[in-house]
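Engineer: Sharing structure19.txt here; it has compact mmCIF, C-alpha atoms and all ligand atoms.
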# COMPACT_ATOMS: atom_id res chain seq x y z
CA MET A 42 27.14 0.08 3.15
CA LYS A 43 25.89 2.82 0.88
CA ILE A 44 24.81 1.28 -2.44
CA PRO A 45 26.51 3.85 -4.74
CA GLU A 46 29.81 2.97 -3.05
CA LEU A 47 29.14 -0.72 -3.77
CA TYR A 48 28.76 0.05 -7.49
CA ARG A 49 32.01 2.06 -7.41
CA GLN A 50 33.83 -0.88 -5.81
CA ARG A 51 32.47 -3.46 -8.24
CA LYS A 52 33.33 -1.23 -11.21
CA GLU A 53 36.94 -1.00 -9.98
CA GLU A 54 37.00 -4.80 -9.66
CA GLY A 55 35.53 -5.16 -13.17
CA ARG A 56 32.49 -7.07 -11.85
CA PRO A 57 28.77 -6.32 -11.98
CA VAL A 58 26.71 -5.80 -8.82
CA PHE A 59 24.51 -8.86 -8.23
CA SER A 60 21.30 -8.12 -6.33
CA LEU A 61 17.96 -9.73 -5.54
CA GLU A 62 14.46 -8.43 -4.89
CA VAL A 63 11.96 -9.95 -2.47
CA PHE A 64 8.50 -8.84 -1.37
CA PRO A 65 6.88 -8.95 2.09
CA PRO A 66 4.44 -11.87 2.54
CA LYS A 67 0.80 -10.77 2.30
CA ARG A 68 0.00 -12.16 5.76
CA LYS A 69 2.02 -11.37 8.87
CA SER A 70 1.51 -15.02 9.91
CA ASN A 71 3.63 -16.02 6.87
CA MET A 72 6.57 -13.83 7.87
CA ASN A 73 8.79 -16.85 8.45
CA SER A 74 8.55 -17.74 4.77
CA ILE A 75 10.56 -14.68 3.79
CA TYR A 76 13.34 -15.51 6.23
CA GLU A 77 13.38 -19.14 5.03
CA ALA A 78 13.77 -17.77 1.50
CA VAL A 79 16.63 -15.44 2.54
CA ASP A 80 18.29 -18.35 4.37
CA ARG A 81 18.41 -20.20 1.06
CA LEU A 82 19.32 -17.12 -1.01
CA LYS A 83 22.43 -16.52 1.15
CA VAL A 84 24.37 -19.03 -0.95
CA THR A 85 24.30 -16.59 -3.90
CA GLU A 86 26.21 -13.99 -1.81
CA PRO A 87 24.14 -11.09 -3.19
CA ASP A 88 25.62 -7.59 -2.96
CA PHE A 89 22.24 -6.47 -1.68
CA ILE A 90 18.63 -7.56 -1.34
CA SER A 91 15.88 -5.03 -1.94
CA VAL A 92 12.49 -5.32 -0.24
CA THR A 93 9.42 -3.98 -2.02
CA TYR A 94 6.81 -1.74 -0.42
CA GLY A 95 3.13 -2.59 -0.63
CA ALA A 96 1.57 0.56 -2.03
CA GLY A 97 -1.70 1.58 -0.46
CA GLY A 98 -0.98 -0.29 2.75
CA ASN A 99 -1.44 1.08 6.21
CA ILE A 100 2.02 2.16 7.45
CA ALA A 101 1.41 0.52 10.83
CA ASP A 102 1.09 -2.86 9.06
CA ASN A 103 3.95 -2.34 6.67
CA SER A 104 6.69 -4.90 7.14
CA THR A 105 9.23 -3.63 4.56
CA CYS A 106 11.31 -1.91 7.22
CA ASP A 107 11.39 -4.93 9.58
CA ILE A 108 12.32 -7.32 6.78
CA ALA A 109 15.04 -5.05 5.37
CA ALA A 110 16.47 -4.45 8.86
CA THR A 111 16.50 -8.19 9.64
CA ILE A 112 18.18 -9.06 6.33
CA LYS A 113 20.91 -6.60 7.25
CA LYS A 114 21.31 -7.45 10.93
CA LYS A 115 20.69 -11.19 11.02
CA TYR A 116 22.06 -12.20 7.62
CA GLY A 117 24.72 -9.49 7.20
CA ILE A 118 23.44 -8.73 3.67
CA GLU A 119 23.10 -5.08 2.60
CA THR A 120 19.52 -4.00 1.94
CA VAL A 121 17.48 -1.45 0.07
CA ALA A 122 14.03 -0.66 1.48
CA HIS A 123 11.51 0.46 -1.15
CA LEU A 124 9.12 3.30 -0.34
CA THR A 125 6.17 4.56 -2.40
CA CYS A 126 4.45 7.91 -1.96
CA ILE A 127 1.31 8.19 -4.11
CA ASN A 128 -1.01 6.68 -1.49
CA SER A 129 0.70 8.31 1.50
CA THR A 130 0.48 11.59 3.33
CA ARG A 131 3.61 13.63 3.97
CA GLU A 132 3.33 12.61 7.61
CA ASP A 133 3.17 8.86 6.70
CA VAL A 134 6.27 9.28 4.57
CA LYS A 135 8.13 11.13 7.32
CA VAL A 136 7.30 8.36 9.80
CA MET A 137 8.56 5.66 7.41
CA ILE A 138 11.77 7.53 6.60
CA GLN A 139 12.46 7.94 10.32
CA ARG A 140 11.73 4.25 10.89
CA PHE A 141 14.26 3.32 8.18
CA ALA A 142 16.90 5.62 9.66
CA ASP A 143 16.27 4.29 13.21
CA SER A 144 16.65 0.70 11.90
CA ASP A 145 20.11 1.45 10.43
CA ILE A 146 18.84 1.11 6.90
CA GLU A 147 21.13 3.14 4.65
CA ASN A 148 19.47 2.81 1.24
CA VAL A 149 15.95 3.55 0.02
CA MET A 150 14.35 3.14 -3.38
CA ALA A 151 12.14 6.20 -3.85
CA LEU A 152 9.06 5.27 -5.87
CA ARG A 153 5.80 6.87 -6.78
CA GLY A 154 3.75 3.64 -6.85
CA ASP A 155 1.11 2.70 -9.41
CA ILE A 156 -2.12 4.65 -9.65
CA VAL A 157 -4.69 1.91 -9.11
CA PRO A 158 -8.31 2.73 -10.04
CA GLY A 159 -10.41 2.76 -6.87
CA GLU A 160 -7.43 3.26 -4.53
CA GLU A 161 -7.20 6.59 -2.76
CA ILE A 162 -4.47 8.96 -3.93
CA LYS A 163 -3.35 11.36 -1.22
CA ARG A 164 -2.00 13.94 -3.72
CA GLU A 165 0.71 15.14 -1.36
CA PHE A 166 3.37 13.64 -3.64
CA ALA A 167 2.88 13.52 -7.41
CA HIS A 168 6.14 11.85 -8.46
CA ALA A 169 9.09 9.90 -7.16
CA ASN A 170 11.38 12.94 -7.39
CA GLU A 171 9.24 14.70 -4.77
CA LEU A 172 9.71 11.73 -2.42
CA ALA A 173 13.46 11.81 -3.08
CA ILE A 174 13.50 15.49 -2.10
CA GLU A 175 11.65 14.68 1.14
CA ILE A 176 14.15 11.90 1.96
CA GLN A 177 17.06 14.29 1.34
CA ARG A 178 15.43 17.00 3.42
CA GLN A 179 14.86 14.67 6.35
CA CYS A 180 17.98 12.52 6.27
CA HIS A 181 20.56 14.37 4.17
CA ASP A 182 23.30 11.83 3.43
CA ASP A 183 22.21 9.18 5.95
CA LEU A 184 19.95 7.53 3.37
CA GLU A 185 21.14 6.93 -0.18
CA ILE A 186 18.43 7.07 -2.82
CA LEU A 187 17.82 4.65 -5.69
CA GLY A 188 15.15 5.02 -8.35
CA ALA A 189 13.20 2.97 -10.89
CA CYS A 190 13.58 3.32 -14.65
CA TYR A 191 11.97 1.82 -17.74
CA PRO A 192 14.03 0.68 -20.75
CA GLU A 193 10.90 0.68 -22.90
CA GLY A 194 9.37 3.81 -21.31
CA HIS A 195 6.93 4.06 -18.40
CA TYR A 196 3.37 3.24 -19.48
CA GLU A 197 2.09 6.74 -18.68
CA ALA A 198 4.78 8.59 -20.62
CA ARG A 199 3.87 9.68 -24.16
CA SER A 200 7.27 8.60 -25.42
CA ILE A 201 10.53 7.13 -24.24
CA GLU A 202 12.11 10.56 -24.85
CA GLU A 203 9.63 12.19 -22.46
CA ASP A 204 10.19 9.46 -19.86
CA VAL A 205 13.98 9.90 -19.97
CA GLN A 206 13.56 13.68 -19.64
CA ASN A 207 11.38 13.08 -16.57
CA LEU A 208 14.02 10.72 -15.18
CA LYS A 209 16.29 13.74 -14.86
CA TYR A 210 14.05 15.11 -12.11
CA LYS A 211 14.70 11.93 -10.09
CA ILE A 212 18.44 12.15 -10.63
CA GLY A 213 18.39 15.86 -9.78
CA ALA A 214 16.55 15.04 -6.55
CA GLY A 215 19.35 12.70 -5.44
CA ALA A 216 18.80 9.23 -6.97
CA LYS A 217 22.31 7.85 -7.43
CA VAL A 218 21.52 4.37 -8.79
CA LEU A 219 18.72 3.14 -11.08
CA ILE A 220 17.13 -0.29 -11.36
CA THR A 221 15.12 -1.15 -14.44
CA GLN A 222 11.71 -2.60 -14.95
CA LEU A 223 11.91 -6.18 -16.21
CA PHE A 224 12.64 -6.63 -19.90
CA PHE A 225 13.40 -9.55 -22.19
CA ASP A 226 15.07 -7.88 -25.15
CA ASN A 227 18.60 -6.79 -24.30
CA HIS A 228 18.71 -4.47 -27.31
CA LYS A 229 16.01 -2.35 -25.67
CA PHE A 230 18.29 -2.05 -22.63
CA TYR A 231 21.37 -1.10 -24.68
CA ASP A 232 19.35 1.56 -26.56
CA PHE A 233 18.07 2.90 -23.25
CA ILE A 234 21.58 3.18 -21.78
CA SER A 235 22.71 5.11 -24.89
CA ARG A 236 19.68 7.39 -24.52
CA LEU A 237 20.54 8.05 -20.85
CA GLY A 238 24.11 8.98 -21.83
CA GLU A 239 22.83 11.34 -24.57
CA SER A 240 20.62 12.99 -21.93
CA GLY A 241 23.51 13.41 -19.50
CA ILE A 242 22.46 10.64 -17.08
CA PHE A 243 25.49 8.62 -16.03
CA VAL A 244 24.48 6.93 -12.75
CA PRO A 245 24.89 3.12 -12.51
CA VAL A 246 21.94 1.14 -13.88
CA SER A 247 21.12 -2.43 -12.87
CA ALA A 248 19.18 -4.56 -15.31
CA GLY A 249 16.00 -5.99 -13.74
CA ILE A 250 15.62 -9.60 -14.80
CA MET A 251 12.59 -11.75 -14.12
CA PRO A 252 12.93 -15.45 -14.93
CA ILE A 253 9.60 -16.62 -16.38
CA VAL A 254 9.14 -20.19 -15.17
CA LYS A 255 5.33 -20.63 -14.96
CA SER A 256 2.60 -20.04 -17.51
CA SER A 257 0.63 -17.98 -14.93
CA GLN A 258 3.49 -15.42 -14.99
CA ILE A 259 3.09 -14.90 -18.71
CA GLU A 260 -0.33 -13.36 -18.39
CA LYS A 261 0.13 -11.62 -15.05
CA THR A 262 3.64 -10.26 -15.23
CA VAL A 263 4.68 -10.23 -18.83
CA GLN A 264 1.54 -8.59 -20.18
CA LEU A 265 1.28 -6.07 -17.33
CA SER A 266 4.92 -5.02 -17.66
CA GLY A 267 4.41 -4.03 -21.30
CA ALA A 268 7.85 -5.49 -22.05
CA SER A 269 8.32 -6.37 -25.69
CA LEU A 270 8.88 -10.02 -26.42
CA PRO A 271 11.75 -11.00 -28.68
CA HIS A 272 11.35 -13.92 -31.07
CA ASP A 273 13.33 -16.43 -28.96
CA PHE A 274 11.10 -15.62 -25.96
CA THR A 275 7.80 -16.13 -27.81
CA GLU A 276 9.22 -19.28 -29.37
CA MET A 277 10.04 -20.60 -25.88
CA ILE A 278 6.52 -19.84 -24.64
CA ALA A 279 4.91 -21.50 -27.66
CA LEU A 280 7.05 -24.61 -27.22
CA TYR A 281 6.52 -25.09 -23.49
CA GLU A 282 3.14 -23.48 -22.78
CA HIS A 283 1.66 -26.86 -21.82
CA ASP A 284 4.83 -28.44 -20.44
CA LYS A 285 5.33 -27.28 -16.83
CA ASP A 286 8.80 -28.76 -16.32
CA GLY A 287 9.96 -27.81 -19.79
CA LEU A 288 8.88 -24.17 -19.28
CA TYR A 289 10.67 -24.04 -15.92
CA GLU A 290 13.97 -25.22 -17.44
CA ALA A 291 13.61 -23.04 -20.53
CA GLY A 292 12.72 -19.96 -18.42
CA ILE A 293 15.83 -20.35 -16.28
CA ASP A 294 17.93 -20.92 -19.38
CA PHE A 295 16.51 -17.77 -21.03
CA ALA A 296 17.27 -15.64 -17.94
CA VAL A 297 20.79 -17.08 -17.68
CA ARG A 298 21.51 -16.32 -21.35
CA GLN A 299 20.06 -12.83 -20.96
CA CYS A 300 22.23 -12.10 -17.88
CA ARG A 301 25.39 -13.56 -19.43
CA GLU A 302 25.01 -11.38 -22.50
CA LEU A 303 24.37 -8.25 -20.39
CA ILE A 304 27.42 -8.96 -18.21
CA THR A 305 29.59 -9.54 -21.27
CA HIS A 306 28.40 -6.14 -22.53
CA GLY A 307 29.59 -4.54 -19.26
CA VAL A 308 26.27 -3.96 -17.46
CA ASP A 309 26.67 -2.20 -14.06
CA GLY A 310 24.48 -4.72 -12.28
CA VAL A 311 22.01 -7.57 -12.58
CA HIS A 312 18.96 -7.41 -10.30
CA ILE A 313 16.89 -10.60 -10.11
CA TYR A 314 13.19 -10.34 -9.35
CA THR A 315 13.05 -13.52 -7.24
CA MET A 316 9.25 -13.57 -6.71
CA ASN A 317 10.26 -15.05 -3.32
CA ASP A 318 11.21 -18.31 -5.04
CA PRO A 319 14.78 -18.96 -3.88
CA GLN A 320 15.34 -21.95 -6.15
CA VAL A 321 14.69 -19.87 -9.27
CA ALA A 322 17.18 -17.18 -8.19
CA ILE A 323 19.75 -19.80 -7.16
CA SER A 324 19.44 -21.57 -10.53
CA VAL A 325 20.02 -18.30 -12.42
CA TRP A 326 22.96 -17.46 -10.15
CA GLU A 327 24.49 -20.89 -10.79
CA GLY A 328 24.39 -20.14 -14.49
CA ILE A 329 26.22 -16.81 -14.15
CA LYS A 330 28.39 -17.11 -11.03
CA ASP A 331 31.57 -17.56 -13.06
CA LEU A 332 31.02 -14.00 -14.40
CA LEU A 333 30.29 -12.35 -11.02
P1 LIG A 401 7.80 8.36 -11.34
O1 LIG A 401 9.28 8.49 -11.45
O2 LIG A 401 7.07 9.40 -10.59
O3 LIG A 401 7.25 8.26 -12.85
C1 LIG A 401 5.88 7.99 -13.11
C2 LIG A 401 5.47 8.67 -14.41
O4 LIG A 401 5.51 10.08 -14.26
C3 LIG A 401 6.38 8.37 -15.60
O5 LIG A 401 5.57 8.29 -16.74
C4 LIG A 401 7.32 9.57 -15.67
O6 LIG A 401 7.74 9.81 -17.01
C5 LIG A 401 6.45 10.71 -15.15
N1 LIG A 401 7.20 11.67 -14.32
C6 LIG A 401 8.18 11.39 -13.42
N2 LIG A 401 8.56 12.52 -12.78
C7 LIG A 401 7.81 13.53 -13.29
C8 LIG A 401 7.72 14.92 -13.02
N3 LIG A 401 8.48 15.50 -12.09
N4 LIG A 401 6.82 15.67 -13.73
C9 LIG A 401 6.02 15.08 -14.68
N5 LIG A 401 6.06 13.75 -14.96
C10 LIG A 401 6.93 12.99 -14.28
N6 LIG A 401 5.70 -0.34 -6.88
C11 LIG A 401 5.30 -0.52 -5.59
O7 LIG A 401 4.14 -0.28 -5.27
N7 LIG A 401 6.18 -0.99 -4.62
C12 LIG A 401 7.47 -1.26 -4.92
O8 LIG A 401 8.24 -1.66 -4.04
C13 LIG A 401 7.93 -1.09 -6.27
N8 LIG A 401 9.21 -1.34 -6.62
C14 LIG A 401 9.62 -1.12 -7.91
C15 LIG A 401 10.96 -1.36 -8.25
C16 LIG A 401 11.41 -1.17 -9.55
C17 LIG A 401 12.86 -1.44 -9.90
C18 LIG A 401 10.50 -0.73 -10.55
C19 LIG A 401 10.96 -0.54 -11.97
C20 LIG A 401 9.17 -0.47 -10.23
C21 LIG A 401 8.71 -0.67 -8.91
N9 LIG A 401 7.39 -0.41 -8.52
C22 LIG A 401 6.98 -0.60 -7.24
C23 LIG A 401 6.41 0.05 -9.54
C24 LIG A 401 6.34 1.61 -9.62
O9 LIG A 401 5.79 2.11 -8.43
C25 LIG A 401 5.47 1.96 -10.83
O10 LIG A 401 6.11 1.61 -12.01
C26 LIG A 401 4.95 3.40 -10.88
O11 LIG A 401 3.93 3.47 -11.88
C27 LIG A 401 6.00 4.44 -11.23
O12 LIG A 401 6.88 4.63 -10.22
P2 LIG A 401 8.15 5.60 -10.40
O13 LIG A 401 8.80 5.71 -9.09
O14 LIG A 401 8.97 5.20 -11.56
O15 LIG A 401 7.38 6.98 -10.73
Now, as a test, write the supplied structure out as structure tokens.
Ligand code: FAD
Structural biologist:
Amino acid sequence: MKIPELYRQRKEEGRPVFSLEVFPPKRKSNMNSIYEAVDRLKVTEPDFISVTYGAGGNIADNSTCDIAATIKKKYGIETVAHLTCINSTREDVKVMIQRFADSDIENVMALRGDIVPGEEIKREFAHANELAIEIQRQCHDDLEILGACYPEGHYEARSIEEDVQNLKYKIGAGAKVLITQLFFDNHKFYDFISRLGESGIFVPVSAGIMPIVKSSQIEKTVQLSGASLPHDFTEMIALYEHDKDGLYEAGIDFAVRQCRELITHGVDGVHIYTMNDPQVAISVWEGIKDLL
């Protein structure tokens, strides 16, 4: 199913779209681990599962397409295959788009990818909107396009205003649904949605939620994301920094409360960054399933 249609259906039903994100295992020999995770995640009946794309990777080794296609065919769950462009040639991108279309994938998240010092940039695509144009050119309406957005502004943009203006290029190039970067302060999300409306952007937006359940995630993910930390979040970290089990429980509880409040406010969708840990996603789902 085309993802924009899914959002239309859920809106009519008065329910948010519930989706999950997984990433391909680093080693091909670990491929079974992703399918074991999806086997467990099935219980949450997600509307779709998106599969990230390892930027900078050799396209021959890239397993995003295979994983997305298997999730759809074997598990009957709709998928979104991510695709980045900053480290790819136009030819690489064309090959991947064709591979998606040949694998009956109907939805692609068009991304630029991070500019990593030391990694080669091919310079054939500068921004995600250029990739979206290429997807449209090659596949017309066979592939629906989703895009990323940043409630607190992308780290390269000089201001949130500039970032939202730039987002219009992505929408103009065919992105029909947006998924946000992780955030912990729902007020930042509500302000962002108002800003989108003021700028004439009215596509559905799913809130990207990452449950923080380990202290290693605080440094790696939280600091890198640049997400601002509300008082109740920092209080939770301070309380449980040295208590592994306590932090796990409190992290799930924080994510559940965050999702419940967003759903009560009428969010279009909740997208859980699972970090390939099915139990975390299942625990969050259990805390919100009565609202889905
Ligand atoms: P863009 O939309 O190109 O934006 C990048 C910057 O350029 C922004 O500052 C923007 O304001 C500016 N900009 C945008 N368009 C223009 C324009 N036309 N002219 C001038 N400036 C412009 N990374 C991966 O490697 N693999 C993944 O699978 C992946 N999945 C992600 C999923 C989500 C939901 C999110 C939020 C991020 C994901 N990322 C992924 C990370 C993403 O690649 C980075 O955040 C990257 O730095 C920006 O990607 P983008 O598609 O938003 O870029």
Engineer: Between atom CA of A:Gly249 and atom CA of A:Asp226, measure the distance and give it in Å to one decimal.
Structural biologist: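 Computing it gives 11.6 Å between the two atoms.
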Engineer: So, with only C-alpha atoms and all ligand atoms as the atoms that count, which of A:Ser104, A:Asn317, A:Asn207, A:Asn73 lies closest to ligand LIG 401 (chain A)?
Structural biologist: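 Going through A:Ser104, A:Asn317, A:Asn207, A:Asn73 one by one, the smallest distance to ligand LIG 401 (chain A) is for A:Asn207.
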Engineer: If you measure from atom C16 of ligand LIG 401 (chain A) to atom CA of A:Thr93, what distance in Å do you get, rounded to one decimal?
Structural biologist: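 Spanning atom C16 of ligand LIG 401 (chain A) to atom CA of A:Thr93 is a straight-line distance of 8.3 Å.
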Engineer: Kindly compile the residues surrounding ligand LIG 401 (chain A) within 6 Å, counting only C-alpha atoms and all ligand atoms, and format them as a ChimeraX atom specification.
Structural biologist: /A:93-96,123,125,152-155,168-169,189-190,195,197-198,204,207,210,220-222
Engineer: Quick one: residues within 9 Å of (10.3, 11.1, -6.5) (file frame), counting all atoms listed in the file, please, as a PyMOL selection string.
Structural biologist: chain A and resi 125-126+151-153+166-175+188+210-211+214+216
Engineer: Please list as a PyMOL selection string every residue within 12 Å of A:Gln139, counting only C-alpha atoms and excluding residues in the same chain fewer than 2 positions away.
Structural biologist: chain A and resi 106+132-137+141-147+149+175-180+183-184
Engineer: Report the distance between atom CA of A:Val246 and atom CA of A:Val63 in Å, rounded to one decimal place.
Structural biologist: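 Distance between the two atoms: 18.8 Å.
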Engineer: Considering only C-alpha atoms, tabulate each residue of stretch 55-141 of chain A that lies at most 10 Å from stretch 290-306 of chain A along with its nearest interatomic pair and the corresponding distance in Å to one decimal; arrange the rows by chain and ascending residue number and present them as CSV.
Structural biologist:
residue,atom,partner,partner_atom,distance
A:Arg56,CA,A:Ile304,CA,8.4
A:Pro57,CA,A:Ile304,CA,6.9
A:Val58,CA,A:Ile304,CA,9.9
Engineer: Using only C-alpha atoms, which of the listed residues (A:Ala122, A:Ile138, A:Met316, A:Ile90) sits closest to A:Lys255?
Structural biologist: A:Met316
Engineer: Please provide as a PDB file with C-alpha atoms, in the frame of the given file all residues within 8 Å of A:Glu165, with the sequence filter that same-chain residues fewer than 4 positions apart are discarded (counting only C-alpha atoms).
Structural biologist:
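Result file out.pdb:
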ATOM      1  CA  ILE A 127       1.310   8.190  -4.110  1.00  0.00           C
ATOM      2  CA  SER A 129       0.700   8.310   1.500  1.00  0.00           C
ATOM      3  CA  THR A 130       0.480  11.590   3.330  1.00  0.00           C
ATOM      4  CA  ARG A 131       3.610  13.630   3.970  1.00  0.00           C
TER       5      ARG A 131
END
Engineer: Would you list the residues near (21.8, -14.9, -2.4) (no more than 8 Å away, in the coordinates of the file, using all atoms listed in the file) as a compact mmCIF listing (two decimals) with C-alpha atoms, in the coordinates of the input?
Structural biologist:
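Result file is result12.txt:
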# COMPACT_ATOMS: atom_id res chain seq x y z
CA SER A 60 21.30 -8.12 -6.33
CA LEU A 61 17.96 -9.73 -5.54
CA VAL A 79 16.63 -15.44 2.54
CA ARG A 81 18.41 -20.20 1.06
CA LEU A 82 19.32 -17.12 -1.01
CA LYS A 83 22.43 -16.52 1.15
CA VAL A 84 24.37 -19.03 -0.95
CA THR A 85 24.30 -16.59 -3.90
CA GLU A 86 26.21 -13.99 -1.81
CA PRO A 87 24.14 -11.09 -3.19
CA ALA A 322 17.18 -17.18 -8.19
CA ILE A 323 19.75 -19.80 -7.16
Engineer: Can you work out which one of A:Asn71, A:Tyr48, A:Ile278, A:Lys115 has the shortest atom-to-atom distance to A:Val311, counting only C-alpha atoms?
Structural biologist: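 Closest to A:Val311, using only C-alpha atoms: A:Tyr48.
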Engineer: Rank nothing, just name the residue among A:Glu203, A:Tyr191, A:Thr262, A:Arg140 nearest to A:Ile100, using all atoms listed in the file.
Structural biologist: A:Arg140
Engineer: Pick from A:Gln258, A:Gln50, A:Ser240, A:Ser74: nearest to A:Ile201, with only C-alpha atoms counted?
Structural biologist: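 Among A:Gln258, A:Gln50, A:Ser240, A:Ser74, it is A:Ser240 that comes nearest to A:Ile201.
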